[in-house]
Amino acid sequence: MKLEGNDWIYSKKVKEHFLNPKNFLKNKKEIKDFDGHGVVGNMKCGDLMEMWIKVKNDKIIDVKWSTFGCASAIASTSILSEMLKEKGGTPLKKALKITGKDITKRLGGLPAIKIHCSVLGDQALRAAIYDYAQKNNRTDLKVEKPLEEEHH
Ligand code: FES
């Protein structure tokens, strides 16, 4: 494979978030009163992403996440967690509209082969909202059941 173009250049933002990830779970105590939890696996690479959300007045006011994924997954989810928490939190329905594209845009782009990593956080977020909706009988949220994790 020939490597050329900008495909291998990470933006400054990506590096910043990779080196200093925001809202990364350090201690389980941090999530003890959180309201939703999601885990998803990436079909392409087998990496896992976990996310926890804290909900108040129908808004996501806090987020924690954890992954064994790559640099792009770390940077994407870090920036996603910031996006969710800015301006005092994100309404659940609005959070469901965030896409991998919105995330990569905020990151200043990602190498094309790394795009699949940027949806990992976004899927984990949906899974966490699904969990919250189940526990709180929120059928109005219309969030799809996340794909089952594959066990090999
Ligand atoms: S290569 Fe697996 S998340 Fe990026």
# chains A, B, ... in the order shown; residues from 1 in each chain; ligands from 1

$ select_by_dssp --residues "segment 57-105 of chain A" --states "strand (DSSP E or B)" --output "list in words"
Lys59, Ile60, Ile61, Asp62, Val63, Lys64, Trp65, Ser66, Thr67, Thr90 and Pro91 of chain A

$ write_last_selection --atoms "C-alpha atoms" --output "compact mmCIF listing (two decimals), in the first residue's frame"
# COMPACT_ATOMS: atom_id res chain seq x y z
CA LYS A 59 -29.95 16.53 29.91
CA ILE A 60 -26.68 14.63 29.88
CA ILE A 61 -24.69 16.62 32.40
CA ASP A 62 -21.75 14.29 32.86
CA VAL A 63 -20.00 11.61 30.84
CA LYS A 64 -17.25 9.12 31.51
CA TRP A 65 -15.80 6.65 29.09
CA SER A 66 -13.17 4.00 28.82
CA THR A 67 -11.62 2.11 25.93
CA THR A 90 -26.93 18.20 26.15
CA PRO A 91 -30.63 17.26 25.99

$ residues_around --residues "Ile103 of chain A" --least-positions-apart "3" --cutoff "9 Å" --atoms "only C-alpha atoms" --output "PyMOL selection string"
chain A and resi 76-77+79-80+83+98-100+106-109+118-119+122

$ write_last_selection --atoms "N, CA and C atoms" --output "compact mmCIF listing (two decimals), in the first residue's frame"
# COMPACT_ATOMS: atom_id res chain seq x y z
N SER A 76 -11.53 10.92 19.50
CA SER A 76 -12.93 11.16 19.10
C SER A 76 -13.85 11.16 20.31
N THR A 77 -13.66 10.19 21.19
CA THR A 77 -14.57 10.07 22.31
C THR A 77 -14.31 11.17 23.33
N ILE A 79 -13.38 14.22 22.59
CA ILE A 79 -14.04 15.45 22.11
C ILE A 79 -15.56 15.31 22.17
N LEU A 80 -16.06 14.11 21.94
CA LEU A 80 -17.50 13.89 22.08
C LEU A 80 -17.95 14.18 23.52
N MET A 83 -18.17 17.83 23.94
CA MET A 83 -19.33 18.37 23.23
C MET A 83 -20.60 18.16 24.06
N ILE A 98 -26.16 13.37 17.41
CA ILE A 98 -24.72 13.56 17.14
C ILE A 98 -24.20 12.38 16.31
N THR A 99 -23.49 12.68 15.25
CA THR A 99 -22.97 11.61 14.40
C THR A 99 -21.44 11.59 14.42
N GLY A 100 -20.90 10.52 13.89
CA GLY A 100 -19.45 10.41 13.76
C GLY A 100 -18.89 11.59 12.97
N ARG A 106 -15.28 18.34 14.42
CA ARG A 106 -14.73 19.07 15.57
C ARG A 106 -13.25 18.76 15.79
N LEU A 107 -12.87 17.56 15.36
CA LEU A 107 -11.48 17.14 15.53
C LEU A 107 -10.58 17.71 14.44
N GLY A 108 -11.18 18.34 13.46
CA GLY A 108 -10.39 18.83 12.33
C GLY A 108 -10.02 17.70 11.39
N GLY A 109 -10.88 16.68 11.34
CA GLY A 109 -10.68 15.57 10.41
C GLY A 109 -9.90 14.42 11.00
N SER A 118 -14.12 6.71 14.90
CA SER A 118 -14.81 7.88 15.43
C SER A 118 -16.26 7.58 15.75
N VAL A 119 -16.80 6.48 15.23
CA VAL A 119 -18.20 6.18 15.53
C VAL A 119 -18.34 5.33 16.79
N ASP A 122 -19.70 7.44 19.63
CA ASP A 122 -21.06 7.80 19.29
C ASP A 122 -22.01 6.60 19.48

$ closest_residue --among "A:Leu19, A:Cys117, A:Met43, A:Ala95" --to "ligand 1" --atoms "only C-alpha atoms and all ligand atoms"
A:Cys117

$ select_by_dssp --residues "segment 37-141 of chain A" --states "alpha helix (DSSP H)" --output "compact mmCIF listing (two decimals) with C-alpha atoms, in the first residue's frame"
# COMPACT_ATOMS: atom_id res chain seq x y z
CA ALA A 71 -5.57 6.92 19.33
CA SER A 72 -8.38 7.99 17.01
CA ALA A 73 -11.02 6.33 19.17
CA ILE A 74 -9.57 8.05 22.23
CA ALA A 75 -9.42 11.48 20.60
CA SER A 76 -12.93 11.16 19.10
CA THR A 77 -14.57 10.07 22.31
CA SER A 78 -12.72 12.68 24.32
CA ILE A 79 -14.04 15.45 22.11
CA LEU A 80 -17.50 13.89 22.08
CA SER A 81 -17.54 13.95 25.88
CA GLU A 82 -16.65 17.64 25.78
CA MET A 83 -19.33 18.37 23.23
CA LEU A 84 -21.90 16.68 25.46
CA LYS A 85 -20.93 18.61 28.56
CA LEU A 92 -30.99 13.49 25.43
CA LYS A 93 -32.82 13.92 22.16
CA LYS A 94 -30.15 16.22 20.83
CA ALA A 95 -27.41 13.84 21.94
CA GLY A 100 -19.45 10.41 13.76
CA LYS A 101 -19.25 13.19 11.16
CA ASP A 102 -19.96 15.90 13.75
CA ILE A 103 -17.20 14.46 15.88
CA THR A 104 -14.57 14.26 13.15
CA LYS A 105 -15.46 17.78 12.09
CA ARG A 106 -14.73 19.07 15.57
CA ILE A 115 -13.23 7.02 10.41
CA HIS A 116 -14.64 3.78 11.81
CA CYS A 117 -12.94 4.60 15.12
CA SER A 118 -14.81 7.88 15.43
CA VAL A 119 -18.20 6.18 15.53
CA LEU A 120 -17.26 4.03 18.49
CA GLY A 121 -17.92 6.78 21.05
CA ASP A 122 -21.06 7.80 19.29
CA GLN A 123 -22.36 4.21 19.39
CA ALA A 124 -21.40 3.79 23.03
CA LEU A 125 -23.32 6.98 23.75
CA ARG A 126 -26.42 5.56 22.06
CA ALA A 127 -26.04 2.35 24.03
CA ALA A 128 -25.83 4.34 27.27
CA ILE A 129 -28.93 6.34 26.35
CA TYR A 130 -30.69 3.09 25.49
CA ASP A 131 -29.83 1.76 28.94
CA TYR A 132 -31.11 4.96 30.53
CA ALA A 133 -34.33 4.79 28.48
CA GLN A 134 -34.93 1.17 29.53
CA LYS A 135 -34.40 1.89 33.21

$ closest_residue --among "A:Lys22, A:Lys29, A:Lys114, A:Lys145" --to "ligand 1" --atoms "only C-alpha atoms and all ligand atoms"
A:Lys114

$ closest_residue --among "A:Lys97, A:Lys44, A:Lys54, A:Lys15" --to "ligand 1" --atoms "only C-alpha atoms and all ligand atoms"
A:Lys44

$ atom_distance --atom1 "atom CA of Asn27 of chain A" --atom2 "atom CA of Cys70 of chain A"
20.6 Å

$ closest_residue --among "A:Asn136, A:Asn23, A:Phe68, A:Glu86" --to "Val39 of chain A" --atoms "only C-alpha atoms"
A:Phe68

$ closest_residue --among "A:Leu48, A:Glu144, A:Gly88, A:Lys56" --to "ligand 1" --atoms "only C-alpha atoms and all ligand atoms"
A:Leu48

$ closest_residue --among "A:Val40, A:Met51, A:Val143, A:Gly89" --to "ligand 1" --atoms "only C-alpha atoms and all ligand atoms"
A:Val40

$ atom_distance --atom1 "atom CA of Gly36 of chain A" --atom2 "atom CA of Val55 of chain A"
8.1 Å
